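Okay, input.pdb now, which holds PDB, C-alpha atoms and all ligand atoms:
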```
ATOM      1  CA  MET A   5      10.184   8.414 -17.933
ATOM      2  CA  ILE A   6       8.173   6.692 -15.204
ATOM      3  CA  VAL A   7       4.776   8.020 -14.084
ATOM      4  CA  VAL A   8       3.951   7.475 -10.388
ATOM      5  CA  THR A   9       0.336   7.888  -9.273
ATOM      6  CA  GLY A  10      -0.312   8.203  -5.527
ATOM      7  CA  ALA A  11       2.955  10.147  -5.382
ATOM      8  CA  THR A  12       2.027  11.875  -2.103
ATOM      9  CA  GLY A  13       1.277   8.540  -0.359
ATOM     10  CA  ASN A  14       3.241   6.143   1.858
ATOM     11  CA  VAL A  15       4.231   3.942  -1.083
ATOM     12  CA  GLY A  16       4.261   6.465  -3.940
ATOM     13  CA  GLY A  17       6.321   9.055  -2.040
ATOM     14  CA  GLU A  18       9.053   6.541  -1.282
ATOM     15  CA  LEU A  19       8.876   5.157  -4.829
ATOM     16  CA  VAL A  20       9.480   8.625  -6.317
ATOM     17  CA  ARG A  21      12.556   9.053  -4.070
ATOM     18  CA  LEU A  22      13.946   5.616  -5.018
ATOM     19  CA  LEU A  23      13.451   6.172  -8.748
ATOM     20  CA  VAL A  24      15.106   9.610  -8.651
ATOM     21  CA  ALA A  25      18.039   8.160  -6.661
ATOM     22  CA  ALA A  26      18.375   5.487  -9.371
ATOM     23  CA  GLY A  27      18.666   8.223 -12.018
ATOM     24  CA  GLU A  28      15.179   7.833 -13.551
ATOM     25  CA  GLN A  29      13.094  10.675 -14.977
ATOM     26  CA  VAL A  30       9.898  10.772 -12.894
ATOM     27  CA  THR A  31       6.471  12.330 -13.316
ATOM     28  CA  ALA A  32       4.617  12.451  -9.985
ATOM     29  CA  VAL A  33       0.811  12.494 -10.216
ATOM     30  CA  SER A  34      -1.460  13.497  -7.348
ATOM     31  CA  ARG A  35      -4.353  15.776  -6.544
ATOM     32  CA  ARG A  36      -2.401  17.528  -3.772
ATOM     33  CA  THR A  37       1.142  18.844  -4.122
ATOM     34  CA  ALA A  38       4.032  17.924  -1.864
ATOM     35  CA  PRO A  39       7.751  18.696  -1.682
ATOM     36  CA  PHE A  40       9.035  16.294  -4.371
ATOM     37  CA  PRO A  41      12.771  15.707  -4.955
ATOM     38  CA  GLU A  42      14.512  18.074  -7.354
ATOM     39  CA  GLY A  43      13.994  17.238 -11.014
ATOM     40  CA  VAL A  44      10.610  15.531 -10.530
ATOM     41  CA  ARG A  45       7.865  16.759 -12.820
ATOM     42  CA  HIS A  46       4.586  17.122 -10.915
ATOM     43  CA  VAL A  47       1.252  16.870 -12.709
ATOM     44  CA  THR A  48      -1.969  17.566 -10.854
ATOM     45  CA  GLY A  49      -4.253  14.713 -11.845
ATOM     46  CA  ASP A  50      -7.227  12.786 -10.507
ATOM     47  CA  LEU A  51      -7.661   9.074 -11.257
ATOM     48  CA  ALA A  52     -11.396   9.696 -10.985
ATOM     49  CA  GLU A  53     -11.063  11.988 -14.045
ATOM     50  CA  PRO A  54      -8.898  10.082 -16.543
ATOM     51  CA  ALA A  55      -8.750  13.036 -18.953
ATOM     52  CA  SER A  56      -6.830  14.968 -16.275
ATOM     53  CA  LEU A  57      -3.984  12.415 -16.534
ATOM     54  CA  LYS A  58      -3.258  12.764 -20.254
ATOM     55  CA  ALA A  59      -0.506  15.377 -19.846
ATOM     56  CA  SER A  60       1.371  13.126 -17.411
ATOM     57  CA  PHE A  61       1.740  10.273 -19.924
ATOM     58  CA  ASP A  62       3.396  12.227 -22.774
ATOM     59  CA  GLY A  63       6.840  10.751 -23.410
ATOM     60  CA  ALA A  64       6.580   8.222 -20.557
ATOM     61  CA  ASP A  65       7.118   4.472 -20.907
ATOM     62  CA  ALA A  66       6.130   3.001 -17.520
ATOM     63  CA  LEU A  67       3.273   3.625 -15.072
ATOM     64  CA  PHE A  68       2.828   2.860 -11.365
ATOM     65  CA  LEU A  69      -0.946   2.721 -10.970
ATOM     66  CA  LEU A  70      -3.036   2.999  -7.842
ATOM     67  CA  VAL A  71      -6.562   1.623  -7.406
ATOM     68  CA  ALA A  72      -8.617   4.838  -7.390
ATOM     69  CA  GLY A  73     -11.440   6.164  -9.573
ATOM     70  CA  GLU A  74     -13.949   3.961 -11.361
ATOM     71  CA  ASP A  75     -12.675   3.745 -14.939
ATOM     72  CA  PRO A  76      -9.300   1.956 -15.167
ATOM     73  CA  GLN A  77     -10.010   1.267 -18.861
ATOM     74  CA  ALA A  78     -10.010   4.985 -19.659
ATOM     75  CA  VAL A  79      -6.838   5.517 -17.601
ATOM     76  CA  LEU A  80      -5.006   2.747 -19.458
ATOM     77  CA  GLU A  81      -6.231   3.934 -22.864
ATOM     78  CA  ALA A  82      -4.833   7.400 -22.098
ATOM     79  CA  ALA A  83      -1.591   5.798 -20.867
ATOM     80  CA  LYS A  84      -1.206   3.767 -24.064
ATOM     81  CA  ALA A  85      -1.935   6.801 -26.222
ATOM     82  CA  GLY A  86       0.842   8.673 -24.380
ATOM     83  CA  GLY A  87       3.387   5.892 -25.041
ATOM     84  CA  ILE A  88       3.254   3.801 -21.842
ATOM     85  CA  ARG A  89       4.354   0.187 -22.455
ATOM     86  CA  ARG A  90       4.628  -1.173 -18.905
ATOM     87  CA  VAL A  91       2.178  -0.898 -15.987
ATOM     88  CA  VAL A  92       2.676  -1.954 -12.365
ATOM     89  CA  LEU A  93      -0.580  -2.050 -10.383
ATOM     90  CA  LEU A  94      -0.683  -1.596  -6.602
ATOM     91  CA  SER A  95      -3.588  -3.932  -5.829
ATOM     92  CA  SER A  96      -4.314  -5.702  -2.550
ATOM     93  CA  GLN A  97      -3.853  -9.213  -1.161
ATOM     94  CA  GLY A  98      -7.623  -9.235  -0.601
ATOM     95  CA  ALA A  99      -8.151  -9.313  -4.389
ATOM     96  CA  GLY A 100      -6.844 -12.872  -4.220
ATOM     97  CA  THR A 101      -8.123 -14.061  -0.845
ATOM     98  CA  ARG A 102     -11.535 -12.287  -0.712
ATOM     99  CA  PRO A 103     -12.404 -11.194  -4.270
ATOM    100  CA  GLU A 104     -16.102 -10.727  -3.425
ATOM    101  CA  VAL A 105     -15.187  -8.016  -0.888
ATOM    102  CA  TYR A 106     -12.289  -6.464  -2.822
ATOM    103  CA  ALA A 107     -14.244  -5.937  -6.050
ATOM    104  CA  HIS A 108     -12.529  -2.585  -6.747
ATOM    105  CA  PRO A 109      -8.934  -3.940  -6.933
ATOM    106  CA  VAL A 110     -10.264  -7.055  -8.724
ATOM    107  CA  ALA A 111     -11.764  -4.835 -11.454
ATOM    108  CA  PHE A 112      -8.465  -2.926 -11.822
ATOM    109  CA  GLU A 113      -6.513  -6.197 -12.011
ATOM    110  CA  GLU A 114      -8.778  -7.545 -14.757
ATOM    111  CA  THR A 115      -8.438  -4.345 -16.766
ATOM    112  CA  VAL A 116      -4.654  -4.285 -16.380
ATOM    113  CA  ARG A 117      -4.369  -7.957 -17.441
ATOM    114  CA  GLY A 118      -6.486  -7.306 -20.533
ATOM    115  CA  SER A 119      -4.813  -4.003 -21.441
ATOM    116  CA  GLY A 120      -2.269  -5.307 -23.945
ATOM    117  CA  LEU A 121       0.439  -3.559 -21.890
ATOM    118  CA  GLU A 122       3.294  -5.402 -20.190
ATOM    119  CA  TRP A 123       1.829  -5.727 -16.678
ATOM    120  CA  THR A 124       2.827  -6.749 -13.145
ATOM    121  CA  ILE A 125       0.441  -6.815 -10.191
ATOM    122  CA  LEU A 126       1.520  -6.212  -6.578
ATOM    123  CA  ARG A 127      -0.784  -7.599  -3.883
ATOM    124  CA  PRO A 128       0.375  -6.292  -0.496
ATOM    125  CA  GLY A 129      -1.180  -7.383   2.774
ATOM    126  CA  GLY A 130      -1.891  -4.796   5.486
ATOM    127  CA  PHE A 131       0.694  -2.023   5.749
ATOM    128  CA  ASP A 132       2.943  -1.380   8.794
ATOM    129  CA  SER A 133       2.003   2.280   8.310
ATOM    130  CA  ASN A 134      -1.607   1.519   9.323
ATOM    131  CA  ALA A 135      -0.176   1.881  12.864
ATOM    132  CA  LEU A 136      -0.072   5.637  12.188
ATOM    133  CA  ALA A 137      -3.761   5.540  13.207
ATOM    134  CA  TRP A 138      -2.302   5.178  16.733
ATOM    135  CA  ALA A 139      -0.073   8.261  16.449
ATOM    136  CA  GLU A 140      -2.471  10.669  18.157
ATOM    137  CA  PRO A 141      -3.592   8.378  21.044
ATOM    138  CA  ILE A 142      -0.008   7.250  21.677
ATOM    139  CA  ARG A 143       1.207  10.864  21.712
ATOM    140  CA  ALA A 144      -1.689  11.917  23.947
ATOM    141  CA  HIS A 145      -1.898   9.047  26.466
ATOM    142  CA  ARG A 146       0.500   6.250  25.428
ATOM    143  CA  THR A 147      -2.413   3.950  24.468
ATOM    144  CA  ALA A 148      -3.044   1.912  21.309
ATOM    145  CA  ALA A 149      -6.492   0.372  20.756
ATOM    146  CA  ALA A 150      -7.320  -2.369  18.232
ATOM    147  CA  PRO A 151      -9.483  -5.486  17.971
ATOM    148  CA  PHE A 152      -8.107  -9.063  17.897
ATOM    149  CA  GLY A 153      -4.986  -8.148  19.904
ATOM    150  CA  ASP A 154      -3.450 -11.619  19.694
ATOM    151  CA  VAL A 155      -4.097 -12.430  16.029
ATOM    152  CA  GLY A 156      -0.860 -12.102  14.053
ATOM    153  CA  LEU A 157      -0.581 -11.029  10.411
ATOM    154  CA  PRO A 158       2.616 -10.508   8.379
ATOM    155  CA  ALA A 159       2.039  -6.793   7.652
ATOM    156  CA  VAL A 160       4.390  -5.259   5.109
ATOM    157  CA  ASP A 161       6.536  -2.129   5.257
ATOM    158  CA  PRO A 162       5.442   0.392   2.569
ATOM    159  CA  ALA A 163       9.135   1.077   1.959
ATOM    160  CA  ASP A 164       9.520  -2.575   0.864
ATOM    161  CA  ILE A 165       6.498  -2.220  -1.448
ATOM    162  CA  ALA A 166       8.113   0.878  -2.968
ATOM    163  CA  GLU A 167      11.441  -0.925  -3.404
ATOM    164  CA  VAL A 168       9.726  -3.865  -5.095
ATOM    165  CA  ALA A 169       7.770  -1.471  -7.320
ATOM    166  CA  ALA A 170      10.987   0.334  -8.319
ATOM    167  CA  ALA A 171      12.630  -2.968  -9.243
ATOM    168  CA  VAL A 172       9.633  -4.207 -11.214
ATOM    169  CA  LEU A 173       9.247  -0.879 -13.060
ATOM    170  CA  ARG A 174      12.939  -0.795 -14.054
ATOM    171  CA  GLU A 175      13.873  -4.470 -14.584
ATOM    172  CA  ASP A 176      12.748  -6.953 -17.201
ATOM    173  CA  GLY A 177      11.505 -10.395 -16.198
ATOM    174  CA  HIS A 178       8.397  -9.454 -14.187
ATOM    175  CA  ALA A 179       5.827  -9.276 -16.990
ATOM    176  CA  GLY A 180       2.630 -11.245 -16.376
ATOM    177  CA  ARG A 181       3.536 -11.884 -12.709
ATOM    178  CA  THR A 182       1.364 -11.283  -9.629
ATOM    179  CA  TYR A 183       3.400 -10.843  -6.434
ATOM    180  CA  VAL A 184       2.063 -11.118  -2.865
ATOM    181  CA  LEU A 185       3.989  -8.777  -0.555
ATOM    182  CA  THR A 186       4.214  -9.396   3.194
ATOM    183  CA  GLY A 187       6.563  -8.766   6.079
ATOM    184  CA  PRO A 188       8.948 -11.400   7.466
ATOM    185  CA  ARG A 189       6.636 -12.886  10.127
ATOM    186  CA  PRO A 190       3.153 -12.490  11.612
ATOM    187  CA  VAL A 191       2.975  -9.730  14.254
ATOM    188  CA  THR A 192      -0.038  -9.194  16.526
ATOM    189  CA  PRO A 193      -1.500  -5.739  17.303
ATOM    190  CA  ARG A 194      -0.313  -6.170  20.920
ATOM    191  CA  GLU A 195       3.251  -6.832  19.674
ATOM    192  CA  ARG A 196       3.065  -3.800  17.358
ATOM    193  CA  ALA A 197       2.089  -1.535  20.253
ATOM    194  CA  ALA A 198       5.001  -2.956  22.275
ATOM    195  CA  ALA A 199       7.416  -2.382  19.353
ATOM    196  CA  ILE A 200       6.365   1.275  19.145
ATOM    197  CA  GLY A 201       6.870   1.509  22.923
ATOM    198  CA  ALA A 202      10.369   0.039  22.535
ATOM    199  CA  ALA A 203      11.190   2.562  19.793
ATOM    200  CA  LEU A 204       9.920   5.367  22.052
ATOM    201  CA  GLY A 205      11.655   4.040  25.149
ATOM    202  CA  ALA A 206       8.264   4.243  26.918
ATOM    203  CA  GLN A 207       5.450   1.891  27.899
ATOM    204  CA  VAL A 208       2.558   1.837  25.396
ATOM    205  CA  ARG A 209      -0.635   0.318  26.828
ATOM    206  CA  PHE A 210      -2.595  -1.961  24.478
ATOM    207  CA  ALA A 211      -6.402  -1.648  24.800
ATOM    208  CA  GLU A 212      -8.338  -4.471  23.134
ATOM    209  CA  GLN A 213     -11.420  -3.171  21.265
ATOM    210  CA  THR A 214     -14.547  -5.258  20.794
ATOM    211  CA  ARG A 215     -15.490  -6.095  17.219
ATOM    212  CA  GLU A 216     -18.381  -3.588  17.510
ATOM    213  CA  GLU A 217     -16.087  -0.760  18.681
ATOM    214  CA  ALA A 218     -13.684  -1.453  15.815
ATOM    215  CA  ARG A 219     -16.565  -1.600  13.309
ATOM    216  CA  ALA A 220     -17.902   1.790  14.447
ATOM    217  CA  GLN A 221     -14.436   3.352  14.077
ATOM    218  CA  MET A 222     -13.794   1.837  10.614
ATOM    219  CA  ARG A 223     -17.192   2.925   9.276
ATOM    220  CA  ARG A 224     -15.999   6.521   9.489
ATOM    221  CA  PHE A 225     -13.496   6.035   6.647
ATOM    222  CA  MET A 226     -14.322   2.734   4.862
ATOM    223  CA  PRO A 227     -17.316   1.528   2.808
ATOM    224  CA  GLU A 228     -19.465  -1.081   4.574
ATOM    225  CA  PRO A 229     -18.332  -4.254   2.677
ATOM    226  CA  VAL A 230     -14.676  -3.286   3.139
ATOM    227  CA  VAL A 231     -15.275  -2.818   6.887
ATOM    228  CA  GLU A 232     -16.633  -6.373   7.148
ATOM    229  CA  GLY A 233     -13.846  -7.763   4.941
ATOM    230  CA  THR A 234     -11.176  -5.992   6.984
ATOM    231  CA  LEU A 235     -12.661  -7.219  10.278
ATOM    232  CA  ALA A 236     -12.686 -10.765   8.879
ATOM    233  CA  ILE A 237      -9.028 -10.522   7.810
ATOM    234  CA  LEU A 238      -7.969  -9.051  11.182
ATOM    235  CA  GLY A 239     -10.015 -11.470  13.304
ATOM    236  CA  THR A 240     -10.234 -14.710  11.350
ATOM    237  CA  PRO A 241      -7.521 -14.595   8.684
ATOM    238  CA  THR A 242      -7.323 -17.456   6.196
ATOM    239  CA  ALA A 243      -4.189 -19.581   5.949
ATOM    240  CA  ALA A 244      -3.146 -17.552   2.864
ATOM    241  CA  GLU A 245      -3.527 -14.275   4.794
ATOM    242  CA  ARG A 246      -1.373 -15.569   7.675
ATOM    243  CA  GLN A 247       1.325 -16.897   5.390
ATOM    244  CA  VAL A 248       4.647 -15.127   4.864
ATOM    245  CA  SER A 249       5.192 -14.662   1.122
ATOM    246  CA  PRO A 250       8.652 -15.267  -0.398
ATOM    247  CA  ASP A 251       8.133 -12.580  -3.071
ATOM    248  CA  VAL A 252       9.810  -9.557  -1.386
ATOM    249  CA  GLU A 253      12.948 -11.614  -0.752
ATOM    250  CA  HIS A 254      12.808 -13.139  -4.238
ATOM    251  CA  ILE A 255      12.736  -9.705  -5.890
ATOM    252  CA  LEU A 256      14.995  -7.712  -3.545
ATOM    253  CA  GLY A 257      17.439 -10.464  -2.562
ATOM    254  CA  ARG A 258      16.986  -9.717   1.141
ATOM    255  CA  ALA A 259      14.400 -10.447   3.837
ATOM    256  CA  PRO A 260      11.472  -8.013   4.219
ATOM    257  CA  ARG A 261      11.886  -5.305   6.878
ATOM    258  CA  THR A 262      10.451  -6.015  10.344
ATOM    259  CA  PHE A 263       7.711  -4.020  12.079
ATOM    260  CA  ALA A 264      10.312  -3.000  14.709
ATOM    261  CA  ASP A 265      12.367  -1.470  11.898
ATOM    262  CA  TRP A 266       9.325   0.482  10.617
ATOM    263  CA  ALA A 267       8.586   1.692  14.176
ATOM    264  CA  ALA A 268      12.178   2.856  14.705
ATOM    265  CA  ARG A 269      12.169   4.823  11.412
ATOM    266  CA  ASN A 270       8.763   6.391  12.131
ATOM    267  CA  VAL A 271       9.088   6.986  15.881
ATOM    268  CA  ALA A 272       8.793  10.774  15.474
ATOM    269  CA  ALA A 273       5.084  10.362  14.630
ATOM    270  CA  PHE A 274       4.474   8.872  18.097
ATOM    271  CA  ARG A 275       6.535  11.313  20.251
TER     272      ARG A 275
HETATM  273  N1  LIG B 301      -3.098   0.390   3.915
HETATM  274  C1  LIG B 301      -3.190  -0.896   3.675
HETATM  275  O1  LIG B 301      -3.155  -1.739   4.592
HETATM  276  C2  LIG B 301      -3.310  -1.376   2.246
HETATM  277  C3  LIG B 301      -3.316  -2.755   1.997
HETATM  278  C4  LIG B 301      -3.389  -3.206   0.680
HETATM  279  C5  LIG B 301      -3.453  -2.298  -0.362
HETATM  280  N2  LIG B 301      -3.456  -0.957  -0.106
HETATM  281  C6  LIG B 301      -3.516  -0.024  -1.262
HETATM  282  O2  LIG B 301      -2.366   0.787  -1.273
HETATM  283  C7  LIG B 301      -2.730   2.083  -1.717
HETATM  284  C8  LIG B 301      -1.673   3.091  -1.347
HETATM  285  O3  LIG B 301      -1.511   3.092   0.027
HETATM  286  P1  LIG B 301      -0.695   4.276   0.717
HETATM  287  O4  LIG B 301      -0.553   3.899   2.152
HETATM  288  O5  LIG B 301       0.496   4.646  -0.093
HETATM  289  O6  LIG B 301      -1.816   5.383   0.597
HETATM  290  P2  LIG B 301      -1.871   6.812   1.210
HETATM  291  O7  LIG B 301      -0.593   7.110   1.944
HETATM  292  O8  LIG B 301      -3.167   6.979   1.873
HETATM  293  O9  LIG B 301      -1.868   7.664  -0.129
HETATM  294  C9  LIG B 301      -2.863   7.523  -1.072
HETATM  295  C10 LIG B 301      -2.358   8.167  -2.344
HETATM  296  O10 LIG B 301      -3.375   7.982  -3.324
HETATM  297  C11 LIG B 301      -3.574   9.214  -3.984
HETATM  298  N3  LIG B 301      -4.931   9.223  -4.488
HETATM  299  C12 LIG B 301      -6.050   8.819  -3.843
HETATM  300  N4  LIG B 301      -7.124   8.997  -4.627
HETATM  301  C13 LIG B 301      -6.642   9.511  -5.796
HETATM  302  C14 LIG B 301      -7.261   9.921  -6.996
HETATM  303  N5  LIG B 301      -8.592   9.862  -7.174
HETATM  304  N6  LIG B 301      -6.483  10.396  -7.996
HETATM  305  C15 LIG B 301      -5.140  10.497  -7.843
HETATM  306  N7  LIG B 301      -4.496  10.123  -6.711
HETATM  307  C16 LIG B 301      -5.258   9.645  -5.711
HETATM  308  C17 LIG B 301      -3.293  10.252  -2.938
HETATM  309  O11 LIG B 301      -2.876  11.426  -3.558
HETATM  310  P3  LIG B 301      -3.629  12.830  -3.446
HETATM  311  O12 LIG B 301      -4.582  12.763  -2.276
HETATM  312  O13 LIG B 301      -2.532  13.813  -3.281
HETATM  313  O14 LIG B 301      -4.272  12.922  -4.753
HETATM  314  C18 LIG B 301      -2.101   9.627  -2.215
HETATM  315  O15 LIG B 301      -0.901   9.922  -2.894
HETATM  316  C19 LIG B 301      -4.106   2.295  -1.099
HETATM  317  O16 LIG B 301      -4.808   3.249  -1.821
HETATM  318  C20 LIG B 301      -4.727   0.896  -1.206
HETATM  319  O17 LIG B 301      -5.397   0.789  -2.453
HETATM  320  C21 LIG B 301      -3.374  -0.483   1.170
END
```
Please, can you express the file's structure as structure tokens?
Ligand SMILES: NC(=O)c1ccc[n+]([C@@H]2O[C@H](COP(=O)([O-])OP(=O)(O)OC[C@H]3O[C@@H](n4cnc5c(N)ncnc54)[C@H](OP(=O)(O)O)[C@@H]3O)[C@@H](O)[C@H]2O)c1
Amino acid sequence: MIVVTGATGNVGGELVRLLVAAGEQVTAVSRRTAPFPEGVRHVTGDLAEPASLKASFDGADALFLLVAGEDPQAVLEAAKAGGIRRVVLLSSQGAGTRPEVYAHPVAFEETVRGSGLEWTILRPGGFDSNALAWAEPIRAHRTAAAPFGDVGLPAVDPADIAEVAAAVLREDGHAGRTYVLTGPRPVTPRERAAAIGAALGAQVRFAEQTREEARAQMRRFMPEPVVEGTLAILGTPTAAERQVSPDVEHILGRAPRTFADWAARNVAAFR
């Protein structure tokens, strides 16, 4: 039995589907419900309240853990008590490149490494699905706004993260490893807008935001230090943040999916 937290999310939702298709027993944990595939056990649980997760761990042996809540120690103690032996943490590339900003994933990583469980850490860069923030303006007036329009980053498809997570949860040989997950090449925001336009068969106008405009928008849904860290990654990425990682290909035996592929599969959101 594999427990998937974040089961209603971009990564967790796909991971649940992949595990079920592979014949695994799955417990999906989330605060909200969603239409899960047949046979999936759903447990309403909140990572901010570790006691609420106890029921999900009974009889399970592996856990896909999200960075949420403030007490990863309590979550992992409950997991161990329920029989979990293996944990795969969805962290963030920023935990490696900007640990002072990404203190939350850093704290989860440290706890997972010291847990005594068999652990693997996934450090994805920015997700292709972040372009869903453009869904409404592209639907309404075929415009996509972002800062740093010509700075490319190798964003990763959440479906690739889910596929890597499924492999690492099910296969041996990944214990004690930290994998950086990226797409196949750097893509700029301007190129992403054009790729969505190509998938739509329509022109999408790219509107370059100033740093200040982007900061004001991000402050609505991100804490202040994360806003500054994100702006720094988007505008002045380090060499490590620009680099394409070999890890998706190493684990899946194929190249990571392209942004154009993500746009084609998700075009309905922009129509
Ligand atoms: N987007 C990026 O560029 C990026 C880059 C690096 C790392 N990440 C990491 O990847 C994670 C997953 O991304 P995603 O795109 O799959 O996220 P998403 O689509 O926004 O989904 C987030 C998931 O987390 C669950 N969740 C949030 N708080 C929770 C809590 N307190 N207890 C239980 N479940 C909780 C939500 O479930 P309910 O609301 O139903 O409970 C939902 O299933 C992010 O949280 C972030 O840490 C993201």
Residues within 9 Å of Asp62 (chain A), please, as a list in words. Count only C-alpha atoms; anything in the same chain fewer than 2 positions from it doesn't count.
Lys58, Ala59, Ser60, Ala64, Asp65, Ala83, Ala85, Gly86, Gly87 and Ile88 of chain A
If you count only C-alpha atoms and all ligand atoms, which residues end up within 7 Å of ligand LIG 301 (chain B), as a ChimeraX atom specification?
/A:9-16,33-37,49-52,70-73,94-97,127-131,133-134,162
Let me know the residues the PyMOL selection byres (((chain A and resi 79) around 8) and not hetatm) catches in the file above, as a VMD selection string.
chain A and resid 51 54 to 55 57 75 to 78 80 to 83
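Nearest to Ala169 (chain A) of all the residues A:Ala272, A:Met222, A:Leu93, A:Val47 is A:Leu93, based on only C-alpha atoms.
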Nearest to Phe263 (chain A) among A:Pro190, A:Gly239, A:Gly205, A:Pro250, with distances taken over only C-alpha atoms: which residue is it?
A:Pro190
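Applied to the file shown here, the PyMOL selection byres (((chain A and resi 43) around 9) and not hetatm) selects Val24, Gln29, Val30, Phe40, Pro41, Glu42, Val44 and Arg45 of chain A.
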Once you have the residues from the selection above, write them out as a PDB file, in the frame of the given file, restricted to C-alpha atoms.
```pdb
ATOM      1  CA  VAL A  24      15.106   9.610  -8.651  1.00  0.00           C
ATOM      2  CA  GLN A  29      13.094  10.675 -14.977  1.00  0.00           C
ATOM      3  CA  VAL A  30       9.898  10.772 -12.894  1.00  0.00           C
ATOM      4  CA  PHE A  40       9.035  16.294  -4.371  1.00  0.00           C
ATOM      5  CA  PRO A  41      12.771  15.707  -4.955  1.00  0.00           C
ATOM      6  CA  GLU A  42      14.512  18.074  -7.354  1.00  0.00           C
ATOM      7  CA  VAL A  44      10.610  15.531 -10.530  1.00  0.00           C
ATOM      8  CA  ARG A  45       7.865  16.759 -12.820  1.00  0.00           C
TER       9      ARG A  45
END
```
Which polymer residues have any atom within 10 Å of an atom of region 223-234 of chain A, counting all atoms listed in the file, with same-chain residues fewer than 5 positions away left out, as a PyMOL selection string?
chain A and resi 98+102-107+130+218+239-241
Provide an axis-aligned box for all listed atoms of region 264-267 of chain A, padding each side by 5 Å; report its centre and its edge lengths in Å to one decimal, as lines of an AutoDock Vina configuration file.
```
center_x = 10.5
center_y = -0.7
center_z = 12.7
size_x = 13.8
size_y = 14.7
size_z = 14.1
```
Chain and number of each residue from the PyMOL selection byres (((chain A and resi 245) around 8) and not hetatm), as an mmCIF file with C-alpha atoms, keeping the file's coordinate frame:
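In the end it all went to expr_36.cif:
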```
data_model
loop_
_atom_site.group_PDB
_atom_site.id
_atom_site.type_symbol
_atom_site.label_atom_id
_atom_site.label_comp_id
_atom_site.auth_asym_id
_atom_site.auth_seq_id
_atom_site.Cartn_x
_atom_site.Cartn_y
_atom_site.Cartn_z
ATOM 1 C CA GLN A 97 -3.853 -9.213 -1.161
ATOM 2 C CA THR A 101 -8.123 -14.061 -0.845
ATOM 3 C CA GLY A 129 -1.180 -7.383 2.774
ATOM 4 C CA LEU A 157 -0.581 -11.029 10.411
ATOM 5 C CA ILE A 237 -9.028 -10.522 7.810
ATOM 6 C CA PRO A 241 -7.521 -14.595 8.684
ATOM 7 C CA THR A 242 -7.323 -17.456 6.196
ATOM 8 C CA ALA A 243 -4.189 -19.581 5.949
ATOM 9 C CA ALA A 244 -3.146 -17.552 2.864
ATOM 10 C CA ARG A 246 -1.373 -15.569 7.675
ATOM 11 C CA GLN A 247 1.325 -16.897 5.390
#
```
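Around Val155 (chain A), within 8 Å and counting all atoms listed in the file, the residues found are Val191, Thr192, Pro193, Leu238 and Gly239 of chain A, once anything fewer than 5 positions away on its own chain is removed.
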Just C-alpha atoms for this one: save the residues we selected as a PDB file, in the frame of the given file.
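Result saved to out.pdb:
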```pdb
ATOM      1  CA  VAL A 191       2.975  -9.730  14.254  1.00  0.00           C
ATOM      2  CA  THR A 192      -0.038  -9.194  16.526  1.00  0.00           C
ATOM      3  CA  PRO A 193      -1.500  -5.739  17.303  1.00  0.00           C
ATOM      4  CA  LEU A 238      -7.969  -9.051  11.182  1.00  0.00           C
ATOM      5  CA  GLY A 239     -10.015 -11.470  13.304  1.00  0.00           C
TER       6      GLY A 239
END
```
Straight-line distance linking CA of Ala150 (chain A) with CA of Ala198 (chain A), stated in Å to one decimal
13.0 Å
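Distance-wise, CA of Ala220 (chain A) and CA of Ala149 (chain A) end up 13.1 Å apart.
The space separating CA of Ile255 (chain A) from CA of Val110 (chain A) comes to 23.3 Å.
Comparing the minimum interatomic distances between Thr31 (chain A) and each of A:Gly187, A:Gly100, A:Gly177, A:Gly17, counting all atoms listed in the file, we find that A:Gly17 sits nearest.
Minimum distance to Ala179 (chain A) across A:Asp132, A:Asp161, A:Glu122, A:Glu140 (counting only C-alpha atoms) occurs at A:Glu122.
Of the residues listed (A:Asn270, A:Thr262, A:Thr124, A:Gln213), A:Thr124 shows the shortest atom-to-atom separation from Phe68 (chain A); distances use only C-alpha atoms.
Remark: for Arg89 (chain A), the closest of the candidate residues A:Ala66, A:Val116, A:Ala259, A:Ala203 is A:Ala66 (distances computed over only C-alpha atoms).
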